[in-house]
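Student: Here you go, this is target20.cif (mmCIF, C-alpha atoms).
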```
data_coords
loop_
_atom_site.label_atom_id
_atom_site.label_comp_id
_atom_site.auth_asym_id
_atom_site.auth_seq_id
_atom_site.Cartn_x
_atom_site.Cartn_y
_atom_site.Cartn_z
CA MET A 1109 0.00 0.00 0.00
CA LYS A 1110 2.82 2.39 0.90
CA ARG A 1111 4.57 1.75 -2.42
CA LEU A 1112 1.29 2.27 -4.29
CA PHE A 1113 0.73 5.55 -2.44
CA LEU A 1114 4.24 6.79 -3.31
CA SER A 1115 3.79 5.78 -6.93
CA LEU A 1116 0.53 7.70 -7.14
CA ILE A 1117 2.25 10.79 -5.68
CA MET A 1118 5.05 10.56 -8.27
CA ILE A 1119 2.58 10.15 -11.13
CA TRP A 1120 0.51 13.07 -9.88
CA SER A 1121 3.67 15.22 -9.58
CA VAL A 1122 4.61 14.45 -13.19
CA VAL A 1123 1.09 15.38 -14.31
CA ILE A 1124 1.30 18.72 -12.44
CA ILE A 1125 4.77 19.52 -13.87
CA SER A 1126 3.61 18.64 -17.38
CA ALA A 1127 0.58 20.87 -16.98
CA GLN A 1128 2.75 23.74 -15.79
CA THR A 1129 5.18 23.26 -18.67
CA SER A 1130 2.35 23.15 -21.16
CA SER A 1131 0.76 26.24 -19.60
CA PHE A 1132 3.90 28.40 -19.77
CA MET A 1133 4.76 27.27 -23.29
CA LYS A 1134 1.25 28.19 -24.41
CA LYS A 1135 1.67 31.64 -22.86
CA LEU A 1136 4.90 32.19 -24.80
CA ALA A 1137 3.35 31.03 -28.05
CA ALA A 1138 0.36 33.35 -27.52
CA LEU A 1139 2.50 36.51 -27.24
CA ASP A 1140 2.08 38.89 -30.17
CA GLY A 1141 5.16 38.81 -32.42
CA VAL A 1142 6.54 35.55 -30.97
CA SER A 1143 6.89 32.58 -33.30
CA GLY A 1144 8.54 29.19 -33.44
CA VAL A 1145 8.50 28.31 -29.75
CA GLU A 1146 10.85 25.33 -29.41
CA LYS A 1147 11.42 23.37 -26.20
CA LEU A 1148 15.10 22.97 -25.25
CA ASP A 1149 16.77 20.47 -22.97
CA SER A 1150 18.10 21.97 -19.75
CA ASN A 1151 19.64 20.78 -16.51
CA THR A 1152 19.73 24.33 -15.11
CA PHE A 1153 16.13 25.51 -15.67
CA PRO A 1154 12.86 23.62 -15.07
CA GLU A 1155 11.85 24.76 -18.56
CA LYS A 1156 13.83 26.29 -21.39
CA TYR A 1157 12.72 27.49 -24.81
CA LEU A 1158 14.05 28.98 -28.02
CA ILE A 1159 11.68 31.60 -29.35
CA ARG A 1160 11.83 34.05 -32.23
CA VAL A 1161 10.68 37.61 -31.76
CA ARG A 1162 9.69 39.60 -34.83
CA GLN A 1163 11.68 42.85 -34.99
CA ASN A 1164 11.64 45.82 -37.32
CA VAL A 1165 14.79 46.19 -39.38
CA ASP A 1166 14.75 49.93 -38.70
CA GLY A 1167 12.99 52.05 -36.10
CA ASP A 1168 9.43 51.68 -34.91
CA THR A 1169 7.76 50.91 -38.22
CA PRO A 1170 7.99 47.78 -40.38
CA ASP A 1171 8.35 49.79 -43.62
CA LYS A 1172 11.97 48.69 -44.11
CA GLY A 1173 11.13 45.05 -43.41
CA THR A 1174 11.24 42.71 -40.41
CA PHE A 1175 13.40 39.84 -39.17
CA ASN A 1176 13.25 37.23 -36.42
CA GLN A 1177 15.56 37.63 -33.42
CA ARG A 1178 16.65 34.50 -31.56
CA VAL A 1179 15.82 34.65 -27.85
CA VAL A 1180 16.49 31.85 -25.34
CA VAL A 1181 14.08 31.79 -22.40
CA GLY A 1182 14.90 29.97 -19.17
CA TYR A 1183 11.92 29.61 -16.82
CA LYS A 1184 12.10 29.55 -13.02
CA GLY A 1185 8.74 31.12 -12.17
CA GLU A 1186 6.59 33.98 -13.42
CA ASP A 1187 7.04 35.95 -10.18
CA ARG A 1188 10.81 35.36 -9.95
CA PRO A 1189 13.31 38.07 -11.02
CA THR A 1190 14.15 38.01 -14.73
CA VAL A 1191 17.62 38.52 -16.20
CA ILE A 1192 17.70 39.89 -19.74
CA VAL A 1193 21.11 39.02 -21.21
CA THR A 1194 22.14 41.70 -23.70
CA GLU A 1195 24.51 39.46 -25.65
CA GLY A 1196 26.74 41.35 -28.08
CA TYR A 1197 27.24 38.49 -30.51
CA TYR A 1198 25.82 35.02 -31.14
CA ALA A 1199 23.38 33.12 -28.90
CA ASP A 1200 24.68 29.65 -29.78
CA TYR A 1201 26.22 28.84 -26.41
CA ALA A 1202 23.01 29.73 -24.56
CA LEU A 1203 21.36 26.73 -26.26
CA SER A 1204 23.52 24.31 -24.26
CA PRO A 1205 21.54 22.32 -21.65
CA SER A 1206 24.14 23.21 -19.01
CA TYR A 1207 24.25 26.97 -19.64
CA ILE A 1208 22.98 29.34 -16.97
CA GLU A 1209 23.91 33.00 -16.71
CA GLU A 1210 25.69 33.96 -13.47
CA LEU A 1211 22.95 36.24 -12.12
CA CYS A 1212 20.26 33.66 -12.89
CA ARG A 1213 22.18 31.17 -10.76
CA LEU A 1214 22.86 33.62 -7.93
CA PHE A 1215 19.31 34.91 -7.68
CA ASP A 1216 17.26 31.93 -8.92
CA ALA A 1217 16.04 34.10 -11.79
CA ASN A 1218 14.41 33.59 -15.16
CA MET A 1219 16.59 34.17 -18.21
CA VAL A 1220 15.83 36.07 -21.41
CA PHE A 1221 18.94 35.70 -23.58
CA CYS A 1222 18.90 37.97 -26.67
CA GLU A 1223 21.07 37.35 -29.69
CA TYR A 1224 22.40 40.59 -31.22
CA ARG A 1225 20.98 41.64 -34.56
CA TYR A 1226 23.04 40.74 -37.67
CA PHE A 1227 24.56 37.71 -35.90
CA GLY A 1228 23.61 34.17 -36.88
CA PRO A 1229 19.93 33.59 -37.68
CA SER A 1230 19.09 37.05 -36.27
CA THR A 1231 20.28 38.68 -39.50
CA PRO A 1232 17.81 40.64 -41.66
CA GLU A 1233 17.54 39.73 -45.33
CA PRO A 1234 18.89 41.42 -47.32
CA CYS A 1235 21.83 42.25 -45.04
CA ASP A 1236 21.88 46.05 -45.29
CA TRP A 1237 24.56 47.41 -42.91
CA THR A 1238 22.78 50.78 -42.82
CA TYR A 1239 20.46 49.44 -40.15
CA MET A 1240 23.18 47.83 -38.02
CA THR A 1241 23.06 50.55 -35.37
CA VAL A 1242 23.15 50.52 -31.58
CA GLY A 1243 19.88 52.46 -31.57
CA ASN A 1244 18.14 49.69 -33.49
CA SER A 1245 19.70 47.00 -31.29
CA LEU A 1246 18.38 48.76 -28.18
CA ARG A 1247 14.94 49.01 -29.71
CA ASP A 1248 15.14 45.22 -30.21
CA LEU A 1249 15.83 44.77 -26.49
CA HIS A 1250 13.03 47.14 -25.52
CA HIS A 1251 10.58 45.20 -27.67
CA VAL A 1252 11.68 41.87 -26.13
CA ASN A 1253 11.36 43.40 -22.67
CA GLN A 1254 7.87 44.74 -23.26
CA THR A 1255 6.74 41.48 -24.87
CA LEU A 1256 7.98 39.14 -22.14
CA ARG A 1257 6.89 41.39 -19.28
CA GLN A 1258 3.46 40.00 -20.04
CA VAL A 1259 4.56 36.66 -18.57
CA PHE A 1260 7.43 37.62 -16.22
CA LYS A 1261 6.03 39.86 -13.45
CA GLY A 1262 9.03 40.18 -11.09
CA LYS A 1263 11.88 42.70 -11.20
CA TRP A 1264 14.19 42.77 -14.22
CA ILE A 1265 18.00 42.80 -14.38
CA SER A 1266 19.94 43.55 -17.56
CA THR A 1267 23.45 42.15 -17.94
CA GLY A 1268 26.11 41.44 -20.51
CA ILE A 1269 29.81 40.72 -20.95
CA SER A 1270 32.29 42.78 -23.01
CA LYS A 1271 30.31 43.99 -26.07
CA GLY A 1272 27.25 42.68 -24.25
CA GLY A 1273 28.30 44.73 -21.22
CA GLN A 1274 28.48 47.79 -23.45
CA THR A 1275 25.00 46.99 -24.66
CA THR A 1276 23.75 46.79 -21.06
CA MET A 1277 25.26 50.24 -20.46
CA PHE A 1278 23.67 51.73 -23.58
CA TYR A 1279 20.35 50.04 -22.88
CA ARG A 1280 20.18 51.67 -19.43
CA ALA A 1281 21.15 55.06 -20.85
CA TYR A 1282 18.49 55.02 -23.58
CA TYR A 1283 15.72 52.98 -21.90
CA PRO A 1284 16.31 53.76 -18.20
CA ASP A 1285 12.94 52.42 -17.03
CA ASP A 1286 13.04 49.03 -18.76
CA VAL A 1287 14.91 47.30 -15.94
CA ASP A 1288 15.39 47.67 -12.20
CA VAL A 1289 19.07 46.66 -12.02
CA SER A 1290 21.96 46.58 -14.50
CA VAL A 1291 25.26 44.68 -14.28
CA SER A 1292 27.92 45.39 -16.92
CA TYR A 1293 30.90 43.07 -17.05
CA VAL A 1294 34.24 44.28 -18.54
CA ALA A 1295 32.51 46.90 -20.71
CA PRO A 1296 34.54 49.55 -22.54
CA LEU A 1297 33.16 52.93 -23.58
CA ASN A 1298 35.34 54.02 -26.48
CA LYS A 1299 35.38 57.57 -27.80
CA ARG A 1300 36.77 57.00 -31.30
CA VAL A 1301 37.69 54.26 -33.77
CA GLU A 1302 41.17 54.07 -32.23
CA ASP A 1303 40.42 55.26 -28.72
CA GLY A 1304 43.99 56.08 -27.70
CA ARG A 1305 43.92 54.90 -24.07
CA HIS A 1306 44.82 51.25 -24.63
CA GLU A 1307 48.34 51.71 -26.03
CA PRO A 1308 49.76 53.71 -23.08
CA PHE A 1309 47.99 51.33 -20.68
CA LEU A 1310 49.83 48.39 -22.23
CA SER A 1311 53.20 50.11 -22.42
CA LYS A 1312 53.22 51.92 -19.05
CA LYS A 1313 50.53 50.72 -16.63
CA VAL A 1314 49.51 47.08 -16.90
CA GLY A 1315 51.16 44.54 -14.63
CA THR A 1316 54.66 45.18 -13.31
CA LYS A 1317 57.57 46.88 -15.06
CA GLU A 1318 59.32 43.52 -15.38
CA GLU A 1319 56.23 41.91 -16.92
CA ARG A 1320 55.81 44.71 -19.46
CA GLU A 1321 59.48 44.41 -20.41
CA ALA A 1322 59.07 40.64 -20.88
CA VAL A 1323 56.08 41.15 -23.19
CA LEU A 1324 57.90 43.76 -25.26
CA ALA A 1325 60.95 41.48 -25.44
CA ALA A 1326 58.68 38.72 -26.82
CA GLN A 1327 57.40 41.08 -29.53
CA MET A 1328 60.94 42.10 -30.40
CA HIS A 1329 61.98 38.46 -30.55
CA LEU A 1330 59.14 37.58 -32.91
CA MET A 1331 60.09 40.46 -35.20
CA GLU A 1332 63.82 39.70 -35.13
CA ARG A 1333 63.13 36.06 -36.05
CA LYS A 1334 60.39 36.92 -38.53
CA ALA A 1335 62.37 35.64 -41.55
CA ASP A 1336 62.70 32.22 -39.90
CA ILE A 1337 59.22 31.91 -38.37
CA LEU A 1338 57.17 33.49 -41.19
CA PRO A 1339 57.31 30.50 -43.61
CA GLN A 1340 55.96 28.14 -40.93
CA TRP A 1341 53.40 30.73 -39.88
CA GLU A 1342 52.22 31.15 -43.50
CA ALA A 1343 51.93 27.37 -43.86
CA TYR A 1344 49.74 27.28 -40.75
CA CYS A 1345 47.48 30.02 -42.18
CA LYS A 1346 47.17 28.28 -45.53
CA SER A 1347 46.38 24.94 -43.88
CA HIS A 1348 43.46 26.65 -42.13
CA ASP A 1349 42.29 28.44 -45.31
CA TYR A 1350 42.75 31.89 -43.81
CA SER A 1351 42.42 34.69 -46.33
CA TYR A 1352 43.48 38.32 -45.89
CA ARG A 1353 43.12 41.71 -47.55
CA VAL A 1354 46.81 42.54 -47.14
CA PRO A 1355 50.05 40.53 -47.63
CA MET A 1356 50.89 37.71 -45.21
CA ALA A 1357 53.99 39.56 -43.96
CA ASP A 1358 51.76 42.46 -42.90
CA ILE A 1359 49.36 40.14 -41.08
CA TYR A 1360 52.32 38.67 -39.20
CA ASP A 1361 53.19 42.21 -38.05
CA TYR A 1362 49.61 42.90 -37.00
CA CYS A 1363 49.57 39.69 -34.95
CA VAL A 1364 52.77 40.83 -33.21
CA MET A 1365 51.10 44.19 -32.47
CA GLU A 1366 47.98 42.39 -31.21
CA TYR A 1367 50.08 40.11 -28.99
CA PRO A 1368 50.20 42.26 -25.78
CA PHE A 1369 46.50 43.13 -25.94
CA ALA A 1370 45.53 39.47 -26.39
CA LEU A 1371 47.91 38.24 -23.70
CA TRP A 1372 46.76 40.66 -21.01
CA GLN A 1373 43.08 40.53 -21.98
CA TRP A 1374 42.81 36.85 -21.12
CA GLY A 1375 45.24 36.92 -18.21
CA THR A 1376 47.87 34.72 -19.87
CA PRO A 1377 50.78 34.46 -17.41
CA VAL A 1378 53.94 36.17 -18.61
CA SER A 1379 55.79 33.10 -17.32
CA VAL A 1380 54.60 31.08 -20.36
CA ILE A 1381 56.62 33.22 -22.77
CA PRO A 1382 59.35 30.96 -24.23
CA SER A 1383 62.99 31.60 -23.51
CA ALA A 1384 65.02 33.50 -26.09
CA ASP A 1385 66.88 30.35 -27.14
CA ALA A 1386 63.72 28.25 -27.63
CA SER A 1387 63.19 26.79 -31.11
CA ASP A 1388 61.21 28.47 -33.89
CA GLU A 1389 58.57 25.76 -33.48
CA VAL A 1390 58.13 26.58 -29.79
CA TRP A 1391 57.83 30.30 -30.54
CA LEU A 1392 55.40 29.66 -33.39
CA LYS A 1393 53.13 27.57 -31.16
CA HIS A 1394 53.16 30.21 -28.42
CA PHE A 1395 52.58 33.05 -30.90
CA ILE A 1396 49.53 31.36 -32.43
CA GLU A 1397 48.10 30.41 -29.03
CA VAL A 1398 48.25 34.01 -27.80
CA SER A 1399 47.62 36.00 -31.00
CA SER A 1400 45.88 33.74 -33.49
CA PRO A 1401 45.97 34.83 -37.16
CA ASP A 1402 42.30 33.91 -37.64
CA TYR A 1403 41.46 37.25 -35.99
CA PHE A 1404 42.33 39.14 -39.19
CA SER A 1405 40.98 36.60 -41.69
CA HIS A 1406 38.17 37.03 -44.23
CA PRO A 1407 35.38 36.04 -44.16
CA ASN A 1408 35.13 36.75 -40.45
CA ARG A 1409 32.14 35.75 -38.33
CA TYR A 1410 32.63 38.92 -36.26
CA MET A 1411 32.27 41.28 -39.21
CA PRO A 1412 29.05 42.79 -37.75
CA PHE A 1413 31.08 43.86 -34.70
CA PHE A 1414 33.84 45.41 -36.83
CA VAL A 1415 31.18 47.38 -38.69
CA GLN A 1416 29.82 48.70 -35.41
CA ALA A 1417 33.30 49.47 -34.11
CA ALA A 1418 33.92 51.63 -37.16
CA LYS A 1419 30.52 53.33 -36.90
CA GLU A 1420 29.79 53.81 -33.18
CA LEU A 1421 31.51 51.48 -30.71
CA GLY A 1422 35.14 52.41 -31.33
CA TYR A 1423 38.14 50.15 -30.83
CA TYR A 1424 41.81 50.23 -29.93
CA GLY A 1425 44.98 51.15 -31.81
CA TYR A 1426 48.45 49.62 -32.11
CA ASP A 1427 51.87 50.92 -31.17
CA ASN A 1428 54.80 49.53 -33.19
CA LYS A 1429 57.33 52.26 -32.42
CA PRO A 1430 59.78 49.99 -30.53
CA PHE A 1431 60.15 47.64 -33.51
CA ARG A 1432 58.97 49.76 -36.44
CA LYS A 1433 62.25 49.32 -38.33
CA LEU A 1434 61.61 45.57 -38.41
CA CYS A 1435 58.00 45.91 -39.61
CA SER A 1436 56.63 45.76 -43.12
CA VAL A 1437 53.71 47.76 -41.67
CA LYS A 1438 55.22 51.15 -40.88
CA ARG A 1439 52.03 52.93 -39.80
CA PRO A 1440 49.24 50.76 -38.35
CA LYS A 1441 46.70 53.60 -38.02
CA HIS A 1442 43.35 52.82 -39.71
CA TYR A 1443 43.98 49.07 -39.55
CA LEU A 1444 40.30 48.43 -38.80
CA ARG A 1445 39.42 50.02 -42.13
CA ASP A 1446 42.34 48.60 -44.09
CA VAL A 1447 42.52 45.06 -42.69
CA MET A 1448 39.35 44.09 -40.82
CA LEU A 1449 36.55 45.51 -42.96
CA THR A 1450 35.71 44.56 -46.53
CA GLU A 1451 36.51 47.03 -49.29
CA GLU A 1452 32.89 48.13 -49.68
CA LEU A 1453 32.77 49.10 -45.99
CA CYS A 1454 36.01 51.09 -45.88
CA ASN A 1455 34.36 54.51 -45.90
CA LEU A 1456 32.24 54.18 -42.76
CA LYS A 1457 32.23 57.34 -40.62
CA PHE A 1458 32.45 57.29 -36.83
CA ASP A 1459 29.67 58.98 -34.85
CA LYS A 1460 30.51 60.06 -31.26
CA SER A 1461 26.85 60.59 -30.28
CA LEU A 1462 26.56 57.23 -28.52
CA TYR A 1463 29.70 57.84 -26.45
CA LYS A 1464 28.65 61.37 -25.49
CA HIS A 1465 25.08 60.47 -24.55
CA THR A 1466 26.10 57.45 -22.44
CA ARG A 1467 28.87 59.30 -20.60
CA ARG A 1468 26.56 62.23 -19.89
CA TYR A 1469 23.81 59.92 -18.63
CA LEU A 1470 26.10 58.04 -16.24
CA LYS A 1471 27.59 61.26 -14.86
CA LYS A 1472 24.25 62.98 -14.26
CA ASN A 1473 22.15 60.03 -13.10
CA ASP A 1474 22.36 57.32 -10.47
CA PRO A 1475 20.74 54.13 -11.77
CA ARG A 1476 21.09 50.84 -9.93
CA HIS A 1477 24.02 49.81 -12.08
CA ILE A 1478 27.11 47.77 -11.19
CA PHE A 1479 30.27 47.74 -13.32
CA ILE A 1480 32.82 44.95 -13.01
CA TYR A 1481 36.34 45.16 -14.50
CA GLY A 1482 39.62 43.29 -14.39
CA GLU A 1483 42.70 45.26 -13.38
CA ILE A 1484 44.98 43.91 -16.14
CA ASP A 1485 42.31 43.77 -18.86
CA PRO A 1486 43.23 46.35 -21.56
CA TRP A 1487 39.52 47.03 -22.09
CA SER A 1488 39.40 48.43 -18.56
CA SER A 1489 41.50 51.39 -19.73
CA SER A 1490 38.55 52.64 -21.78
CA GLY A 1491 35.92 51.60 -19.24
CA VAL A 1492 34.10 53.88 -16.83
CA ALA A 1493 36.39 53.22 -13.85
CA GLY A 1494 38.82 55.97 -14.84
CA TRP A 1495 36.31 58.82 -14.81
CA LEU A 1496 33.01 57.78 -13.18
CA ASP A 1497 32.96 59.12 -9.61
CA CYS A 1498 30.53 57.05 -7.54
CA SER A 1499 31.51 58.55 -4.16
CA ARG A 1500 28.41 60.77 -4.08
CA LYS A 1501 26.06 58.28 -5.69
CA LEU A 1502 23.76 56.04 -3.69
CA ASN A 1503 23.45 53.28 -6.28
CA MET A 1504 26.09 53.04 -9.00
CA ARG A 1505 29.25 51.16 -8.10
CA VAL A 1506 32.44 50.19 -9.97
CA TYR A 1507 34.40 47.11 -8.84
CA VAL A 1508 37.87 46.28 -10.19
CA GLN A 1509 39.15 42.76 -9.63
CA PRO A 1510 42.83 42.85 -8.54
CA ARG A 1511 44.95 41.26 -11.30
CA GLY A 1512 41.69 40.38 -12.99
CA SER A 1513 41.37 39.92 -16.75
CA HIS A 1514 38.47 39.95 -19.22
CA THR A 1515 37.15 36.93 -17.29
CA ALA A 1516 36.31 39.00 -14.18
CA ARG A 1517 32.91 37.95 -12.82
CA ILE A 1518 31.04 38.25 -9.52
CA GLY A 1519 31.84 34.64 -8.67
CA ASN A 1520 35.62 35.06 -8.93
CA MET A 1521 35.82 38.42 -7.16
CA PRO A 1522 37.62 38.68 -3.80
CA GLU A 1523 35.24 37.46 -1.10
CA GLN A 1524 34.52 40.90 0.36
CA MET A 1525 33.74 42.42 -3.05
CA LYS A 1526 31.62 39.42 -4.03
CA ASN A 1527 29.56 39.59 -0.85
CA GLU A 1528 29.09 43.34 -1.23
CA ILE A 1529 27.89 43.01 -4.83
CA ILE A 1530 25.51 40.14 -4.04
CA GLY A 1531 24.17 41.97 -0.98
CA ARG A 1532 23.56 45.16 -2.93
CA ILE A 1533 21.69 43.41 -5.75
CA THR A 1534 19.67 41.38 -3.23
CA ARG A 1535 18.49 44.58 -1.52
CA TRP A 1536 17.54 46.11 -4.86
CA LEU A 1537 15.55 43.03 -5.85
CA TYR A 1538 13.68 42.49 -2.61
CA GLU A 1539 13.33 45.83 -0.83
#
```
Translate this structure into structure tokens?
Tutor:
Amino acid sequence: MKRLFLSLIMIWSVVIISAQTSSFMKKLAALDGVSGVEKLDSNTFPEKYLIRVRQNVDGDTPDKGTFNQRVVVGYKGEDRPTVIVTEGYYADYALSPSYIEELCRLFDANMVFCEYRYFGPSTPEPCDWTYMTVGNSLRDLHHVNQTLRQVFKGKWISTGISKGGQTTMFYRAYYPDDVDVSVSYVAPLNKRVEDGRHEPFLSKKVGTKEEREAVLAAQMHLMERKADILPQWEAYCKSHDYSYRVPMADIYDYCVMEYPFALWQWGTPVSVIPSADASDEVWLKHFIEVSSPDYFSHPNRYMPFFVQAAKELGYYGYDNKPFRKLCSVKRPKHYLRDVMLTEELCNLKFDKSLYKHTRRYLKKNDPRHIFIYGEIDPWSSSGVAGWLDCSRKLNMRVYVQPRGSHTARIGNMPEQMKNEIIGRITRWLYE
């Protein structure tokens, strides 16, 4: 009898869960503008779905056409907090059954993960770069927010990493009432195509003096042995079908210039740099691991980002002064235009309006917004930490992880910082 009773309870529980699942899925499918609701496997959410939200290609009217934006929805409960992930690129990894965004895990929250327009299946047809603007991407987020607020009734948090962290920042500046809390991870705010703050950071500020000297010595070594390493490097590029707009020797130089940014961005220990007497093969392997030549190749899956960098987001420059005499590239200025973009996109003009509006908003206002940076991450040099004074603000806070890289997150912060961040967000969500 006891076993029968337990079996009946288990069967009844399955029936209830199935009913709940069916009920929420029906609510998603019934939302205006939502199509193709697809159930996903998940071991992190009770229910998880891939939906497509119809978006206008430009502005608030469908005159220029529409497209479907991929959005991944993780369900914890309609009255739970909801995290809208302002991804800057593709949504592919959010489809994994094991994926859960950090804030969703910390606060047992729903997830609304938005793929950025012009990436993957979220690309309008035809692909007209005119409408690849931050303003349009923020309108996409606003539309997703307003649509899914019909089913998610709790407080909302926006968050993103790197370009996604930028997007979180812009989203708060242009739609300040869409969310209750914002968390931007490792988000730069660049003021021009080649911002100008990254090069002196890498040459004079990052790490220790000895570490900076070791990195520069590695660059010099790669340039001095270029004639020996280049043939093997070219063979590697050809074996991977990499194609470039400029000669291979120039791309080698650009990879040497990219080397310090890439090394510090991901927190690669300086101790892994080979010794000066190591073989060409050892240096080649290290060089490719740190500064891979696929970054400059065409076609490039990150072309939508390079377009935005040239138009509104800005980027970083290169400094080759210490080894210019050894370079085939004598003046690397405008490399984004000359190397990264296609020829038909070379004449894009940079607009500072986004930078000015966002900076002005953050200085004059005090939203519930947390910024997280890594101390040795080159992107931190163009982040808000250098100029945003939070000492007189009640809400906004900037946290810099000591010796942290582009992988700085709440979970790997020093214990005191982590507890402070979690406590602050908890108060905002439940007060």
Student: How many Å lie between atom CA of A:His1465 and atom CA of A:Val1180, rounded to one decimal?
Tutor: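 According to the coordinates, atom CA of A:His1465 and atom CA of A:Val1180 are separated by 29.9 Å.
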Student: Work out how far apart atom CA of A:Asp1286 and atom CA of A:Arg1468 are and give it in Å to one decimal.
Tutor: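 Those two atoms sit 18.9 Å apart.
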Student: So what do you get for atom CA of A:Arg1225 versus atom CA of A:Arg1517, distance-wise?
Tutor: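 Taking atom CA of A:Arg1225 as the start and atom CA of A:Arg1517 as the end point, the length is 25.1 Å.
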Student: Using the chain letters and numbers from the file, which residues does the PyMOL selection byres ((chain A and resi 1193) around 8) grab, as an MDAnalysis selection string?
Tutor: chainID A and resid 1191:1192 1194:1195 1219:1222 1266:1268 1272
Student: Return as a ChimeraX atom specification the set of residues that the PyMOL selection byres ((chain A and resi 1157-1171) around 9) yields on the displayed structure.
Tutor: /A:1133,1136-1137,1140-1149,1155-1156,1172-1183,1203,1230,1232,1239-1241,1243-1244,1247-1248,1251-1252,1255
Student: Spell out the residues picked by the PyMOL selection byres ((chain A and resi 1424) around 9) here, as a list in words.
Tutor: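 So the PyMOL selection byres ((chain A and resi 1424) around 9), applied here, picks out Asn1298, Arg1300, Val1301, Glu1302, Asp1303, Gly1304, Arg1305, His1306, Glu1307, Gly1422, Tyr1423, Gly1425, Tyr1426 and Trp1487 of chain A.
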